[in-house]
>>> print(open('upload26.cif').read())   # mmCIF, C-alpha atoms
data_entry
loop_
_atom_site.label_atom_id
_atom_site.label_comp_id
_atom_site.auth_asym_id
_atom_site.auth_seq_id
_atom_site.Cartn_x
_atom_site.Cartn_y
_atom_site.Cartn_z
CA GLY A 1 -31.67 -28.34 -72.30
CA ALA A 2 -33.17 -26.03 -69.64
CA VAL A 3 -36.15 -24.86 -71.65
CA VAL A 4 -39.02 -22.98 -70.07
CA SER A 5 -42.26 -22.40 -71.93
CA GLN A 6 -45.14 -20.04 -71.27
CA HIS A 7 -48.67 -20.20 -72.54
CA PRO A 8 -50.27 -18.18 -73.94
CA SER A 9 -47.68 -15.93 -75.53
CA TRP A 10 -50.18 -13.11 -75.67
CA VAL A 11 -53.72 -12.55 -74.53
CA ILE A 12 -56.31 -9.81 -74.89
CA CYS A 13 -59.20 -9.80 -72.45
CA LYS A 14 -62.00 -7.59 -71.24
CA SER A 15 -61.80 -5.76 -67.96
CA GLY A 16 -63.16 -7.86 -65.11
CA THR A 17 -62.23 -11.24 -66.52
CA SER A 18 -59.58 -13.58 -65.16
CA VAL A 19 -56.58 -14.76 -67.13
CA LYS A 20 -54.41 -17.80 -66.42
CA ILE A 21 -50.80 -18.01 -67.58
CA GLU A 22 -48.91 -21.29 -67.50
CA CYS A 23 -45.19 -21.72 -66.99
CA ARG A 24 -43.58 -25.09 -67.67
CA SER A 25 -40.05 -26.40 -67.35
CA LEU A 26 -39.82 -28.79 -70.30
CA ASP A 27 -36.67 -30.79 -69.63
CA PHE A 28 -35.86 -30.32 -65.97
CA GLN A 29 -37.52 -30.28 -62.59
CA ALA A 30 -37.98 -26.94 -60.94
CA THR A 31 -38.62 -26.82 -57.22
CA THR A 32 -38.81 -23.05 -57.46
CA MET A 33 -40.37 -20.85 -60.09
CA PHE A 34 -40.52 -17.08 -60.17
CA TRP A 35 -43.00 -14.67 -61.68
CA TYR A 36 -41.89 -11.28 -62.95
CA ARG A 37 -43.60 -8.31 -64.46
CA GLN A 38 -41.91 -6.03 -66.94
CA PHE A 39 -43.06 -2.57 -67.98
CA PRO A 40 -41.93 -1.07 -71.29
CA LYS A 41 -38.25 -0.17 -71.35
CA GLN A 42 -37.79 -1.26 -67.74
CA SER A 43 -36.15 -4.10 -65.93
CA LEU A 44 -37.98 -7.08 -64.51
CA MET A 45 -39.84 -6.75 -61.22
CA LEU A 46 -40.16 -9.87 -59.12
CA MET A 47 -43.77 -10.48 -58.16
CA ALA A 48 -43.60 -13.76 -56.31
CA THR A 49 -41.62 -16.91 -55.67
CA SER A 50 -43.44 -20.17 -56.18
CA ASN A 51 -42.31 -23.36 -54.45
CA GLU A 52 -43.72 -26.72 -55.46
CA GLY A 53 -46.33 -27.93 -53.01
CA SER A 54 -46.43 -24.82 -50.86
CA LYS A 55 -47.83 -21.31 -50.89
CA ALA A 56 -46.16 -18.68 -52.96
CA THR A 57 -44.16 -15.89 -51.37
CA TYR A 58 -45.22 -12.50 -52.65
CA GLU A 59 -43.07 -9.41 -52.85
CA GLN A 60 -44.10 -6.30 -50.99
CA GLY A 61 -46.83 -4.43 -52.78
CA VAL A 62 -48.05 -7.39 -54.84
CA GLU A 63 -51.64 -8.39 -54.05
CA LYS A 64 -51.81 -12.13 -53.48
CA ASP A 65 -55.58 -12.20 -54.03
CA LYS A 66 -55.12 -10.42 -57.33
CA PHE A 67 -52.28 -12.57 -58.63
CA LEU A 68 -52.98 -16.18 -57.71
CA ILE A 69 -50.05 -18.54 -58.05
CA ASN A 70 -50.20 -22.31 -58.01
CA HIS A 71 -47.20 -24.63 -58.28
CA ALA A 72 -48.81 -28.03 -58.40
CA SER A 73 -45.93 -30.01 -59.82
CA LEU A 74 -42.19 -29.82 -60.36
CA THR A 75 -42.72 -28.70 -63.94
CA LEU A 76 -45.75 -26.41 -63.82
CA SER A 77 -46.63 -23.11 -62.17
CA THR A 78 -49.61 -20.97 -63.04
CA LEU A 79 -50.32 -17.29 -62.53
CA THR A 80 -53.95 -16.19 -62.58
CA VAL A 81 -54.69 -12.50 -62.87
CA THR A 82 -58.11 -12.19 -61.29
CA SER A 83 -60.60 -9.51 -62.28
CA ALA A 84 -58.09 -7.98 -64.63
CA HIS A 85 -58.07 -4.23 -65.22
CA PRO A 86 -56.25 -2.11 -67.80
CA GLU A 87 -53.49 -1.30 -65.31
CA ASP A 88 -52.67 -5.02 -65.19
CA SER A 89 -51.64 -4.89 -68.83
CA SER A 90 -48.00 -5.83 -68.93
CA PHE A 91 -45.42 -8.38 -70.00
CA TYR A 92 -45.32 -11.28 -67.55
CA ILE A 93 -42.27 -13.51 -67.48
CA CYS A 94 -41.69 -16.65 -65.47
CA SER A 95 -38.44 -18.35 -64.63
CA ALA A 96 -37.58 -21.74 -63.21
CA ARG A 97 -34.63 -22.73 -61.09
CA ASP A 98 -32.98 -25.97 -62.09
CA ARG A 99 -32.51 -28.20 -59.05
CA ARG A 100 -29.25 -29.48 -60.46
CA VAL A 101 -27.79 -26.04 -61.05
CA SER A 102 -29.20 -24.24 -58.08
CA GLU A 103 -28.19 -20.65 -58.79
CA THR A 104 -29.32 -20.49 -62.40
CA GLN A 105 -32.76 -19.34 -63.43
CA TYR A 106 -34.07 -20.09 -66.89
CA PHE A 107 -36.67 -17.74 -68.29
CA GLY A 108 -39.79 -18.33 -70.30
CA PRO A 109 -40.52 -16.31 -73.45
CA GLY A 110 -43.05 -14.12 -71.66
CA THR A 111 -46.77 -13.46 -71.95
CA ARG A 112 -48.08 -10.15 -73.20
CA LEU A 113 -51.37 -9.28 -71.45
CA LEU A 114 -53.61 -6.51 -72.73
CA VAL A 115 -56.72 -5.71 -70.74
CA LEU A 116 -59.29 -3.61 -72.55
CA ALA B 1 -27.21 -4.19 -48.82
CA GLN B 2 -26.90 -6.12 -52.02
CA SER B 3 -27.29 -4.29 -55.31
CA VAL B 4 -26.27 -4.39 -58.93
CA THR B 5 -25.60 -1.37 -61.13
CA GLN B 6 -25.43 -1.23 -64.89
CA LEU B 7 -23.56 1.94 -65.57
CA ASP B 8 -24.90 2.64 -69.06
CA SER B 9 -28.55 2.65 -70.01
CA HIS B 10 -27.69 2.74 -73.72
CA VAL B 11 -24.58 1.76 -75.65
CA SER B 12 -24.19 2.27 -79.39
CA VAL B 13 -21.34 0.74 -81.38
CA SER B 14 -20.56 0.18 -85.04
CA GLU B 15 -20.81 -3.28 -86.50
CA GLY B 16 -17.47 -5.06 -86.24
CA THR B 17 -16.19 -3.00 -83.31
CA PRO B 18 -15.82 -4.18 -79.70
CA VAL B 19 -18.66 -4.16 -77.20
CA LEU B 20 -18.32 -3.32 -73.50
CA LEU B 21 -21.33 -3.39 -71.18
CA ARG B 22 -20.50 -2.50 -67.62
CA CYS B 23 -21.85 -4.03 -64.43
CA ASN B 24 -20.89 -3.49 -60.80
CA TYR B 25 -22.31 -5.17 -57.76
CA SER B 26 -22.35 -4.59 -54.04
CA SER B 27 -22.48 -7.52 -51.66
CA SER B 28 -21.26 -8.81 -48.33
CA TYR B 29 -21.38 -12.34 -49.68
CA SER B 30 -19.85 -14.21 -52.56
CA PRO B 31 -22.25 -13.75 -55.44
CA SER B 32 -23.13 -15.70 -58.51
CA LEU B 33 -23.29 -13.42 -61.52
CA PHE B 34 -25.16 -13.73 -64.79
CA TRP B 35 -25.70 -11.86 -68.01
CA TYR B 36 -28.98 -12.29 -69.84
CA VAL B 37 -30.04 -10.91 -73.21
CA GLN B 38 -33.58 -9.94 -74.15
CA HIS B 39 -34.65 -9.30 -77.72
CA PRO B 40 -37.81 -7.21 -78.26
CA ASN B 41 -40.96 -8.87 -76.95
CA LYS B 42 -39.03 -11.98 -75.98
CA GLY B 43 -38.02 -13.66 -72.77
CA LEU B 44 -34.52 -13.63 -71.35
CA GLN B 45 -31.77 -15.86 -72.67
CA LEU B 46 -28.80 -16.78 -70.50
CA LEU B 47 -25.54 -15.57 -72.08
CA LEU B 48 -23.11 -16.67 -69.40
CA LYS B 49 -22.68 -17.13 -65.67
CA TYR B 50 -19.99 -16.95 -63.01
CA THR B 51 -20.29 -19.24 -60.00
CA SER B 52 -16.88 -19.07 -58.25
CA ALA B 53 -14.95 -21.09 -60.81
CA ALA B 54 -12.80 -19.41 -63.48
CA THR B 55 -12.97 -15.63 -63.31
CA LEU B 56 -13.06 -15.27 -67.11
CA VAL B 57 -16.30 -16.74 -68.33
CA LYS B 58 -17.09 -17.48 -71.95
CA GLY B 59 -20.67 -17.47 -73.09
CA ILE B 60 -22.71 -17.91 -76.21
CA ASN B 61 -22.50 -15.81 -79.37
CA GLY B 62 -18.90 -14.78 -78.70
CA PHE B 63 -19.60 -12.92 -75.45
CA GLU B 64 -17.42 -13.19 -72.38
CA ALA B 65 -17.22 -11.56 -68.97
CA GLU B 66 -14.56 -11.25 -66.31
CA PHE B 67 -15.28 -11.34 -62.60
CA LYS B 68 -13.04 -8.88 -60.77
CA LYS B 69 -13.56 -9.13 -57.05
CA SER B 70 -11.28 -6.20 -56.24
CA GLU B 71 -13.37 -3.96 -58.48
CA THR B 72 -16.71 -5.70 -57.73
CA SER B 73 -17.31 -5.77 -61.46
CA PHE B 74 -18.55 -8.24 -64.05
CA HIS B 75 -18.34 -6.42 -67.35
CA LEU B 76 -19.59 -8.07 -70.55
CA THR B 77 -17.47 -7.88 -73.69
CA LYS B 78 -17.44 -9.04 -77.27
CA PRO B 79 -14.57 -8.44 -79.70
CA SER B 80 -16.69 -7.70 -82.76
CA ALA B 81 -20.32 -6.60 -82.70
CA HIS B 82 -22.88 -8.07 -85.06
CA MET B 83 -26.19 -6.53 -86.07
CA SER B 84 -28.02 -9.40 -84.37
CA ASP B 85 -26.49 -8.38 -81.03
CA ALA B 86 -28.85 -5.39 -80.82
CA ALA B 87 -30.96 -6.10 -77.74
CA GLU B 88 -31.39 -5.34 -74.05
CA TYR B 89 -28.80 -6.83 -71.71
CA PHE B 90 -29.33 -7.47 -68.02
CA CYS B 91 -26.67 -8.09 -65.41
CA VAL B 92 -28.08 -10.28 -62.67
CA VAL B 93 -26.70 -11.20 -59.27
CA SER B 94 -27.67 -14.06 -57.01
CA PHE B 95 -26.80 -14.07 -53.34
CA TYR B 96 -27.00 -17.18 -51.18
CA SER B 97 -28.41 -15.16 -48.33
CA SER B 98 -31.45 -14.06 -50.28
CA ALA B 99 -33.20 -17.43 -50.49
CA SER B 100 -32.53 -17.96 -54.19
CA LYS B 101 -33.83 -14.56 -55.26
CA ILE B 102 -31.89 -12.69 -57.84
CA ILE B 103 -31.36 -8.98 -58.32
CA PHE B 104 -31.61 -7.42 -61.76
CA GLY B 105 -29.66 -4.52 -63.06
CA SER B 106 -31.63 -1.81 -64.80
CA GLY B 107 -30.56 -3.04 -68.20
CA THR B 108 -28.41 -1.71 -71.04
CA ARG B 109 -29.81 -1.29 -74.50
CA LEU B 110 -27.21 -2.16 -77.11
CA SER B 111 -27.59 -0.58 -80.54
CA ILE B 112 -25.45 -1.57 -83.51
CA ARG B 113 -24.74 0.93 -86.27
CA PRO B 114 -24.22 -0.46 -89.81
#
>>> encode(input="upload26.cif", output="C-alpha coordinates")
Amino acid sequence: GAVVSQHPSWVICKSGTSVKIECRSLDFQATTMFWYRQFPKQSLMLMATSNEGSKATYEQGVEKDKFLINHASLTLSTLTVTSAHPEDSSFYICSARDRRVSETQYFGPGTRLLVL
Amino acid sequence: AQSVTQLDSHVSVSEGTPVLLRCNYSSSYSPSLFWYVQHPNKGLQLLLKYTSAATLVKGINGFEAEFKKSETSFHLTKPSAHMSDAAEYFCVVSFYSSASKIIFGSGTRLSIRP
(Lines of atoms letter the chains of each structure in order from A and count residues from 1; the text may use other names and numbers.)
(Lines give C-alpha, C1' and ligand atoms only; values in the text may rest on other atoms or scores of the structure.)
Protein backbone atom coordinates (compact mmCIF):
# COMPACT_ATOMS: atom_id res chain seq x y z
CA GLY A 1 0.00 0.00 0.00
CA ALA A 2 0.83 3.74 0.00
CA VAL A 3 2.21 3.92 -3.52
CA VAL A 4 2.84 7.22 -5.26
CA SER A 5 3.58 7.38 -8.96
CA GLN A 6 5.01 10.15 -11.11
CA HIS A 7 4.81 10.60 -14.82
CA PRO A 8 6.94 11.03 -16.80
CA SER A 9 10.01 9.58 -15.13
CA TRP A 10 12.22 11.74 -17.28
CA VAL A 11 11.74 14.41 -19.88
CA ILE A 12 13.95 16.40 -22.21
CA CYS A 13 12.55 19.60 -23.66
CA LYS A 14 13.64 22.71 -25.49
CA SER A 15 14.05 26.01 -23.72
CA GLY A 16 10.82 28.00 -23.71
CA THR A 17 8.45 25.04 -23.69
CA SER A 18 6.21 23.99 -20.81
CA VAL A 19 6.39 20.63 -19.11
CA LYS A 20 3.69 18.98 -17.00
CA ILE A 21 4.52 16.40 -14.34
CA GLU A 22 1.81 14.26 -12.77
CA CYS A 23 1.81 12.88 -9.25
CA ARG A 24 -0.73 10.22 -8.30
CA SER A 25 -1.49 8.39 -5.08
CA LEU A 26 -2.47 4.94 -6.33
CA ASP A 27 -4.04 3.27 -3.32
CA PHE A 28 -4.93 6.03 -0.90
CA GLN A 29 -6.48 9.47 -0.82
CA ALA A 30 -4.16 12.38 -0.32
CA THR A 31 -5.61 15.67 0.82
CA THR A 32 -2.14 17.15 0.72
CA MET A 33 0.65 16.65 -1.77
CA PHE A 34 4.07 18.23 -1.77
CA TRP A 35 6.47 19.12 -4.56
CA TYR A 36 10.20 19.04 -4.01
CA ARG A 37 13.22 19.83 -6.08
CA GLN A 38 16.53 18.07 -5.62
CA PHE A 39 19.89 19.20 -6.97
CA PRO A 40 22.72 16.70 -7.41
CA LYS A 41 24.14 15.43 -4.13
CA GLN A 42 21.82 17.65 -2.12
CA SER A 43 18.78 17.19 0.04
CA LEU A 44 15.24 17.86 -1.07
CA MET A 45 13.97 21.43 -1.19
CA LEU A 46 10.25 21.94 -0.64
CA MET A 47 8.77 24.02 -3.44
CA ALA A 48 5.09 24.04 -2.58
CA THR A 49 2.30 22.37 -0.67
CA SER A 50 -0.75 21.38 -2.67
CA ASN A 51 -4.14 20.94 -1.01
CA GLU A 52 -7.01 19.33 -2.88
CA GLY A 53 -9.48 21.91 -4.12
CA SER A 54 -7.52 24.97 -3.09
CA LYS A 55 -4.54 27.03 -4.18
CA ALA A 56 -1.08 25.76 -3.54
CA THR A 57 1.13 27.33 -0.91
CA TYR A 58 4.55 28.19 -2.28
CA GLU A 59 7.76 28.39 -0.33
CA GLN A 60 9.69 31.62 -0.25
CA GLY A 61 11.66 32.17 -3.41
CA VAL A 62 9.59 29.82 -5.57
CA GLU A 63 7.81 31.59 -8.44
CA LYS A 64 4.18 30.54 -8.49
CA ASP A 65 3.73 31.71 -12.09
CA LYS A 66 6.71 29.63 -13.12
CA PHE A 67 5.71 26.46 -11.30
CA LEU A 68 1.97 25.98 -11.65
CA ILE A 69 0.43 23.45 -9.31
CA ASN A 70 -3.03 21.97 -9.60
CA HIS A 71 -4.55 19.47 -7.17
CA ALA A 72 -7.84 18.65 -8.81
CA SER A 73 -8.63 15.44 -6.99
CA LEU A 74 -7.66 13.46 -3.91
CA THR A 75 -5.33 11.31 -5.98
CA LEU A 76 -3.77 13.68 -8.50
CA SER A 77 -1.57 16.76 -8.38
CA THR A 78 0.25 18.26 -11.33
CA LEU A 79 3.27 20.52 -11.56
CA THR A 80 3.72 22.52 -14.75
CA VAL A 81 7.06 24.15 -15.38
CA THR A 82 6.18 27.03 -17.67
CA SER A 83 8.61 28.45 -20.22
CA ALA A 84 11.32 26.12 -19.00
CA HIS A 85 14.94 27.22 -19.09
CA PRO A 86 18.16 25.26 -18.56
CA GLU A 87 18.36 26.38 -14.93
CA ASP A 88 15.06 24.56 -14.31
CA SER A 89 16.77 21.27 -15.07
CA SER A 90 16.54 19.22 -11.93
CA PHE A 91 15.04 16.17 -10.25
CA TYR A 92 11.47 16.87 -9.16
CA ILE A 93 9.90 14.66 -6.52
CA CYS A 94 6.35 14.69 -5.23
CA SER A 95 4.99 13.24 -2.04
CA ALA A 96 1.50 12.57 -0.77
CA ARG A 97 0.24 12.58 2.78
CA ASP A 98 -2.05 9.70 3.63
CA ARG A 99 -5.19 10.99 5.35
CA ARG A 100 -5.28 7.91 7.53
CA VAL A 101 -1.70 8.25 8.72
CA SER A 102 -1.45 11.98 8.91
CA GLU A 103 2.24 12.48 9.64
CA THR A 104 3.61 10.16 6.99
CA GLN A 105 4.52 11.31 3.51
CA TYR A 106 4.99 8.81 0.72
CA PHE A 107 7.25 9.81 -2.12
CA GLY A 108 7.03 9.31 -5.84
CA PRO A 109 9.97 7.97 -7.84
CA GLY A 110 10.86 11.41 -9.16
CA THR A 111 10.99 13.07 -12.56
CA ARG A 112 14.27 14.03 -14.15
CA LEU A 113 13.87 17.22 -16.23
CA LEU A 114 16.52 18.34 -18.68
CA VAL A 115 15.98 21.61 -20.49
CA LEU A 116 18.19 22.16 -23.51
CA ALA B 1 13.40 26.91 15.83
CA GLN B 2 12.96 23.41 14.55
CA SER B 3 15.84 21.73 12.77
CA VAL B 4 17.33 18.36 12.00
CA THR B 5 21.03 17.58 11.73
CA GLN B 6 22.66 14.57 10.15
CA LEU B 7 26.10 14.54 11.64
CA ASP B 8 27.89 12.64 8.88
CA SER B 9 27.69 13.47 5.21
CA HIS B 10 29.37 10.18 4.27
CA VAL B 11 29.72 6.88 6.10
CA SER B 12 31.70 3.94 4.75
CA VAL B 13 31.55 0.47 6.30
CA SER B 14 32.60 -3.01 5.28
CA GLU B 15 29.99 -5.53 4.24
CA GLY B 16 28.80 -7.52 7.24
CA THR B 17 29.72 -4.87 9.81
CA PRO B 18 27.29 -2.65 11.75
CA VAL B 19 25.89 0.59 10.37
CA LEU B 20 25.25 3.73 12.41
CA LEU B 21 23.81 6.86 10.80
CA ARG B 22 23.35 9.72 13.22
CA CYS B 23 20.50 12.21 13.42
CA ASN B 24 19.73 14.91 15.96
CA TYR B 25 16.78 17.25 16.02
CA SER B 26 15.85 20.47 17.72
CA SER B 27 12.24 21.19 18.57
CA SER B 28 9.96 22.78 21.12
CA TYR B 29 7.27 20.27 20.23
CA SER B 30 6.94 16.52 20.19
CA PRO B 31 8.11 15.47 16.76
CA SER B 32 7.40 12.58 14.48
CA LEU B 33 10.63 11.21 13.05
CA PHE B 34 11.33 9.28 9.88
CA TRP B 35 14.20 7.74 8.01
CA TYR B 36 14.02 7.52 4.23
CA VAL B 37 16.42 5.88 1.81
CA GLN B 38 17.11 7.07 -1.72
CA HIS B 39 18.92 4.96 -4.28
CA PRO B 40 20.54 6.77 -7.24
CA ASN B 41 18.02 8.49 -9.50
CA LYS B 42 15.13 7.12 -7.49
CA GLY B 43 12.51 8.54 -5.19
CA LEU B 44 12.52 8.16 -1.43
CA GLN B 45 11.45 4.98 0.30
CA LEU B 46 10.23 5.03 3.89
CA LEU B 47 12.46 2.87 6.11
CA LEU B 48 10.79 3.49 9.45
CA LYS B 49 8.99 6.08 11.52
CA TYR B 50 8.52 7.11 15.14
CA THR B 51 5.23 8.68 16.15
CA SER B 52 5.23 8.66 19.99
CA ALA B 53 4.70 4.94 20.44
CA ALA B 54 7.61 2.58 21.19
CA THR B 55 10.94 4.38 21.29
CA LEU B 56 12.74 1.54 19.48
CA VAL B 57 11.38 1.36 15.98
CA LYS B 58 12.01 -1.50 13.58
CA GLY B 59 11.90 -0.85 9.89
CA ILE B 60 12.40 -2.63 6.62
CA ASN B 61 15.58 -4.37 5.45
CA GLY B 62 16.81 -4.96 8.99
CA PHE B 63 17.12 -1.29 9.95
CA GLU B 64 16.01 0.10 13.28
CA ALA B 65 16.18 3.41 15.10
CA GLU B 66 15.84 4.51 18.69
CA PHE B 67 14.19 7.74 19.76
CA LYS B 68 16.06 9.26 22.70
CA LYS B 69 14.29 12.35 23.93
CA SER B 70 17.00 13.24 26.46
CA GLU B 71 19.57 13.30 23.67
CA THR B 72 17.17 14.61 20.98
CA SER B 73 18.47 11.87 18.73
CA PHE B 74 17.06 9.31 16.33
CA HIS B 75 20.04 7.35 15.08
CA LEU B 76 19.59 4.65 12.43
CA THR B 77 21.33 1.31 12.87
CA LYS B 78 21.68 -2.05 11.20
CA PRO B 79 23.63 -4.98 12.66
CA SER B 80 25.16 -6.19 9.41
CA ALA B 81 25.57 -4.11 6.27
CA HIS B 82 24.76 -5.49 2.84
CA MET B 83 26.03 -4.21 -0.48
CA SER B 84 22.48 -3.27 -1.46
CA ASP B 85 22.33 -0.84 1.48
CA ALA B 86 24.59 1.61 -0.39
CA ALA B 87 22.41 4.68 -0.87
CA GLU B 88 21.59 8.13 0.48
CA TYR B 89 19.73 8.24 3.78
CA PHE B 90 17.61 11.14 4.98
CA CYS B 91 16.45 11.81 8.51
CA VAL B 92 13.17 13.69 8.42
CA VAL B 93 11.23 15.42 11.16
CA SER B 94 7.59 16.44 11.21
CA PHE B 95 6.28 18.98 13.67
CA TYR B 96 2.59 19.49 14.34
CA SER B 97 3.08 23.22 14.50
CA SER B 98 4.37 23.45 10.95
CA ALA B 99 1.12 22.63 9.15
CA SER B 100 2.20 19.16 8.02
CA LYS B 101 5.49 20.30 6.53
CA ILE B 102 8.50 18.18 7.15
CA ILE B 103 12.13 19.13 7.56
CA PHE B 104 14.85 17.15 5.83
CA GLY B 105 18.30 16.48 7.10
CA SER B 106 21.12 17.09 4.67
CA GLY B 107 21.52 13.39 4.01
CA THR B 108 24.17 10.76 4.67
CA ARG B 109 25.69 8.78 1.86
CA LEU B 110 26.32 5.21 2.92
CA SER B 111 29.04 3.30 1.08
CA ILE B 112 29.64 -0.41 1.57
CA ARG B 113 33.10 -1.87 1.04
CA PRO B 114 33.30 -5.50 -0.18
>>> closest_atom_pairs(input="upload26.cif", of="chain B", to="chain A", cutoff="6 Å", atoms="only C-alpha atoms", output="tab-separated table")
residue	atom	partner	partner_atom	distance
B:Lys42	CA	A:Pro109	CA	5.2
B:Gly43	CA	A:Pro109	CA	3.7
B:Leu44	CA	A:Phe107	CA	5.6
B:Ser106	CA	A:Ser43	CA	5.2
>>> write_last_selection(input="upload26.cif", atoms="C-alpha atoms", output="PDB file, keeping the file's coordinate frame")
ATOM      1  CA  LYS B  42     -39.030 -11.980 -75.980  1.00  0.00           C
ATOM      2  CA  GLY B  43     -38.020 -13.660 -72.770  1.00  0.00           C
ATOM      3  CA  LEU B  44     -34.520 -13.630 -71.350  1.00  0.00           C
ATOM      4  CA  SER B 106     -31.630  -1.810 -64.800  1.00  0.00           C
TER       5      SER B 106
END
>>> closest_residue(input="upload26.cif", among="B:Gly59, B:Ile112, B:Asn41, B:Glu66", to="Ser80 of chain B", atoms="only C-alpha atoms")
B:Ile112
>>> residues_around(input="upload26.cif", residues="segment 23-37 of chain B", least_positions_apart="4", cutoff="6 Å", atoms="all atoms listed in the file", output="list in words")
Gln2, Ser3, Val4, Thr5, Gln6, Leu44, Gln45, Leu46, Leu47, Leu48, Lys49, Tyr50, Thr51, Thr72, Ser73, Phe74, His75, Glu88, Tyr89, Phe90, Cys91, Val92, Val93, Ser94 and Phe95 of chain B
>>> resolve_selection(input="upload26.cif", expression="the PyMOL selection byres ((chain A and resi 26-29) around 10)", output="PyMOL selection string")
chain A and resi 1-5+23-25+30-32+73-76+96-100
>>> axis_aligned_box(input="upload26.cif", around="segment 70-83 of chain B", padding_each_side="4 Å", output="AutoDock Vina command-line options")
--center_x -18.7 --center_y -6.5 --center_z -71.2 --size_x 22.9 --size_y 13.1 --size_z 37.8
>>> residues_around(input="upload26.cif", residues="segment 18-22 of chain B", least_positions_apart="5", cutoff="7 Å", atoms="all atoms listed in the file", output="list in words")
Gln6, Leu7, Asp8, Val13, His75, Leu76, Thr77, Lys78, Pro79, Ser80 and Ala81 of chain B
>>> residues_around(input="upload26.cif", residues="Thr80 of chain A", least_positions_apart="6", cutoff="8 Å", atoms="only C-alpha atoms", output="list in words")
Ser18, Val19, Lys20, Ile21, Lys66, Phe67, Leu68 and Ile69 of chain A
>>> atom_distance(input="upload26.cif", atom1="atom CA of Val11 of chain A", atom2="atom CA of Leu114 of chain A")
6.3 Å
>>> atom_distance(input="upload26.cif", atom1="atom CA of His10 of chain B", atom2="atom CA of Arg113 of chain B")
13.0 Å
>>> atom_distance(input="upload26.cif", atom1="atom CA of Ser52 of chain B", atom2="atom CA of Ala1 of chain B")
20.4 Å
>>> resolve_selection(input="upload26.cif", expression="the PyMOL selection byres ((chain A and resi 88) around 8)", output="PDB file with C-alpha atoms, in the frame of the given file")
ATOM      1  CA  ALA A  84     -58.090  -7.980 -64.630  1.00  0.00           C
ATOM      2  CA  HIS A  85     -58.070  -4.230 -65.220  1.00  0.00           C
ATOM      3  CA  PRO A  86     -56.250  -2.110 -67.800  1.00  0.00           C
ATOM      4  CA  GLU A  87     -53.490  -1.300 -65.310  1.00  0.00           C
ATOM      5  CA  SER A  89     -51.640  -4.890 -68.830  1.00  0.00           C
ATOM      6  CA  SER A  90     -48.000  -5.830 -68.930  1.00  0.00           C
ATOM      7  CA  LEU A 113     -51.370  -9.280 -71.450  1.00  0.00           C
ATOM      8  CA  LEU A 114     -53.610  -6.510 -72.730  1.00  0.00           C
ATOM      9  CA  VAL A 115     -56.720  -5.710 -70.740  1.00  0.00           C
TER      10      VAL A 115
END
